[in-house]
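Q: Have a look at the structure that comes next, please.
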Amino acid sequence: MKIKPKKSLGQNFLRDNTFIEKILTCANLPKATEIIEIGPGDGALTNYLASTNKKFRGFEVDSKLHSILNNKFSDNNNMEFINADILTVDLHKFSSEKLIVFGNLPYNISSQIILKILEEDFIFLECIFLVQKEMAERFISKKEKQNKLSLITEYFGTIHGIFDIPPEAFHPKPKVTSTLIRLVKNNEDRGLNYQNFKIVLTKCFANPRKKIKAGLKALNLEMEFFSFDINKRPEELVLEDFFEILRAYEQQI
């Protein structure tokens with residue numbers, strides 16, 4: 001059956017088997033016993049994941065594709081397909097240290113999905129995601145070139161770029177290059193208030209080209225008590241500098 005991708009759901013199906021096989025070689029499958037796939041779509045990657053014989057759950061928001069996937073893999077007792085929007089799913093109940101999460105994430109909600117996975121109490125071995133290259137670069141931490149998303153990532157774990165995939169490998173062909181990323185959480189309690197940390201980041205990056213002094217002023221903080229150079233821009237600070245700002249902020253609220 002020919003499947004017509006839905007633009008409204010950001011569907012761009014990966015059709016190049018060479019890249020699909022390369023994705024699998026990058027995952028730590030020998031250490032995994034469970035797999036989740038976000039947006040299996042037409043089942044191109046799912047075909048390969050089915051051959052691993054590991055416990056599999058696929059979350060597909062498109063009800064028509066969900067029905068097709070259920071029929072296609074009906075003989076695989078280890079596979080379950082759930083017709084749901086991943087942004088509304090309680091991921092905590094699927095936590096496992098031997099779980100790998102795969103996904104060719106829709107460009108229009110990829111940042112929301114990644115933030116949900118970082119912020120929720122959700123334990124897993126790793127996530128292997130395909131995202132727009134520009135979005136991947138925003139999440140990947142770079143020294144002296146930080147942003148709000150890269151600092152949130154560093155707060156919870158790490159994201160690394162693995163390799164790029166050209167538009168020609170997809171149907172329909174997107175206008176941009178995609179990047180395969182690996183997300184790993186540290187699962188440690190930093191002993192900090194994350195909601196206050198986000199407030200600090202929002203204030204500090206409200207005008208990212210301005211010096212950090214502008215963000216400190218917006219938080220009503222005294223300038224002379226910080227160990228870092230307050231003439232730097234927010235993107236030039238490291239995570240520990242924002243923790244210092246957070247502690248000062250919490251002392252006066």
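A note on labels: chains of the structure tokens are A, B, ... as shown, every chain counts residues from 1, and ligands are counted from 1 in their shown order.
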Give me, as JSON, numbers by chain, all polymer residues having an atom no more than 8 Å from segment 82-92 of chain A, counting only C-alpha atoms and skipping those fewer than 4 positions away in the same chain.

A: {"A": [38, 57, 58, 59, 60, 61, 62, 63, 66, 112, 113, 116, 117, 120, 121, 122, 123]}

Q: Would you mind listing, for every residue of segment 24-91 of chain A within 12 Å of segment 180-203 of chain A, the two atoms forming the shortest contact and the distance between them in Å to one decimal, using only C-alpha atoms, sorted by chain and ascending residue number, as CSV?

A:
```
residue,atom,partner,partner_atom,distance
A:Leu24,CA,A:Leu180,CA,11.1
A:Cys26,CA,A:Arg182,CA,8.8
A:Ala27,CA,A:Arg182,CA,8.4
A:Asn28,CA,A:Arg182,CA,10.4
```

Q: Just N, CA and C atoms for this one: save the residues we selected as a tab-separated table (two decimals), in the first residue's frame.

A:
```tsv
chain	number	residue	atom	x	y	z
A	24	LEU	N	21.25	1.76	12.95
A	24	LEU	CA	21.23	0.61	13.86
A	24	LEU	C	22.61	0.29	14.40
A	26	CYS	N	24.83	2.33	15.12
A	26	CYS	CA	25.23	3.36	16.09
A	26	CYS	C	24.56	3.16	17.45
A	27	ALA	N	23.52	2.36	17.49
A	27	ALA	CA	22.79	2.14	18.75
A	27	ALA	C	23.43	1.02	19.55
A	28	ASN	N	23.31	1.11	20.86
A	28	ASN	CA	23.90	0.12	21.76
A	28	ASN	C	22.92	-1.03	21.99
```

Q: Counting only C-alpha atoms, figure out which residue out of A:Glu37, A:Lys98, A:Thr52, A:Glu224 gets nearest to Asn76 of chain A.

A: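 For Asn76 of chain A, the nearest of the given residues is A:Thr52.
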
Q: Let me make sure I understand: among A:Arg15, A:Lys133, A:His160, A:Lys55, which one has the smallest atom-to-atom distance to Phe94 of chain A if we use only C-alpha atoms?

A: A:Lys55

Q: List every residue of segment 109-217 of chain A that DSSP, applied to the backbone, labels as strand (DSSP E or B), and write the result as a PyMOL selection string.

A: chain A and resi 126-132+157-165+170-171+178-185

Q: With C-alpha atoms retained, export the selected residues as a PDB file, in the first residue's frame.

A:
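File written: out_24.pdb
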```pdb
ATOM      1  CA  GLU A 126      19.958   6.119  25.266  1.00  0.00           C
ATOM      2  CA  CYS A 127      17.858   7.879  22.648  1.00  0.00           C
ATOM      3  CA  ILE A 128      18.784   7.756  18.962  1.00  0.00           C
ATOM      4  CA  PHE A 129      16.947  10.549  17.168  1.00  0.00           C
ATOM      5  CA  LEU A 130      16.902  11.987  13.684  1.00  0.00           C
ATOM      6  CA  VAL A 131      16.295  15.748  13.752  1.00  0.00           C
ATOM      7  CA  GLN A 132      16.820  18.827  11.633  1.00  0.00           C
ATOM      8  CA  GLY A 157      22.800  14.821  30.330  1.00  0.00           C
ATOM      9  CA  THR A 158      24.475  15.038  26.937  1.00  0.00           C
ATOM     10  CA  ILE A 159      23.546  15.128  23.266  1.00  0.00           C
ATOM     11  CA  HIS A 160      26.108  14.304  20.588  1.00  0.00           C
ATOM     12  CA  GLY A 161      25.795  14.508  16.826  1.00  0.00           C
ATOM     13  CA  ILE A 162      26.637  11.229  15.058  1.00  0.00           C
ATOM     14  CA  PHE A 163      26.260  11.838  11.318  1.00  0.00           C
ATOM     15  CA  ASP A 164      24.232  13.848   8.801  1.00  0.00           C
ATOM     16  CA  ILE A 165      21.661  12.505   6.348  1.00  0.00           C
ATOM     17  CA  PHE A 170      13.712  10.994   2.580  1.00  0.00           C
ATOM     18  CA  HIS A 171      10.255  11.029   1.040  1.00  0.00           C
ATOM     19  CA  SER A 178      19.037  15.990   9.069  1.00  0.00           C
ATOM     20  CA  THR A 179      21.392  14.891  11.844  1.00  0.00           C
ATOM     21  CA  LEU A 180      21.374  11.679  13.844  1.00  0.00           C
ATOM     22  CA  ILE A 181      21.922  12.424  17.541  1.00  0.00           C
ATOM     23  CA  ARG A 182      22.499  10.351  20.676  1.00  0.00           C
ATOM     24  CA  LEU A 183      20.895  11.550  23.913  1.00  0.00           C
ATOM     25  CA  VAL A 184      22.057  10.151  27.262  1.00  0.00           C
ATOM     26  CA  LYS A 185      20.751  11.294  30.657  1.00  0.00           C
TER      27      LYS A 185
END
```

Q: Counting only C-alpha atoms, what is within 12 Å of Asn77 of chain A, bar same-chain residues fewer than 4 positions away, as an mmCIF file with C-alpha atoms, in the first residue's frame?

A:
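In the end it all went to result.cif:
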```cif
data_model
loop_
_atom_site.group_PDB
_atom_site.id
_atom_site.type_symbol
_atom_site.label_atom_id
_atom_site.label_comp_id
_atom_site.auth_asym_id
_atom_site.auth_seq_id
_atom_site.Cartn_x
_atom_site.Cartn_y
_atom_site.Cartn_z
ATOM 1 C CA ALA A 50 11.563 -6.139 14.587
ATOM 2 C CA ASN A 53 13.273 -9.704 18.795
ATOM 3 C CA LYS A 54 13.366 -7.252 21.700
ATOM 4 C CA LYS A 55 10.264 -5.961 23.484
ATOM 5 C CA PHE A 56 8.998 -3.166 21.228
ATOM 6 C CA ARG A 57 6.510 -0.311 21.620
ATOM 7 C CA ASN A 70 -0.636 -3.262 13.558
ATOM 8 C CA PHE A 73 3.552 -6.739 12.370
ATOM 9 C CA PHE A 81 1.734 -0.180 18.561
#
```

Q: Excluding Phe228 of chain A and residues on its chain fewer than 3 positions from it, collect all residues at most 9 Å away from it, counting only C-alpha atoms, and give them as a PyMOL selection string.

A: chain A and resi 231-232+237+241

Q: Check segment 40-238 of chain A with DSSP on the backbone and list each residue it calls alpha helix (DSSP H), as a PyMOL selection string.

A: chain A and resi 44-50+63-72+110-119+133-139+148-156+194-204+212-218

Q: Select, from A:Met135, A:Leu99, A:Leu151, A:Ile23, the residue with the minimum atom-to-atom distance to Thr177 of chain A, counting only C-alpha atoms.

A: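 Ranking A:Met135, A:Leu99, A:Leu151, A:Ile23 by distance to Thr177 of chain A, first place goes to A:Met135.
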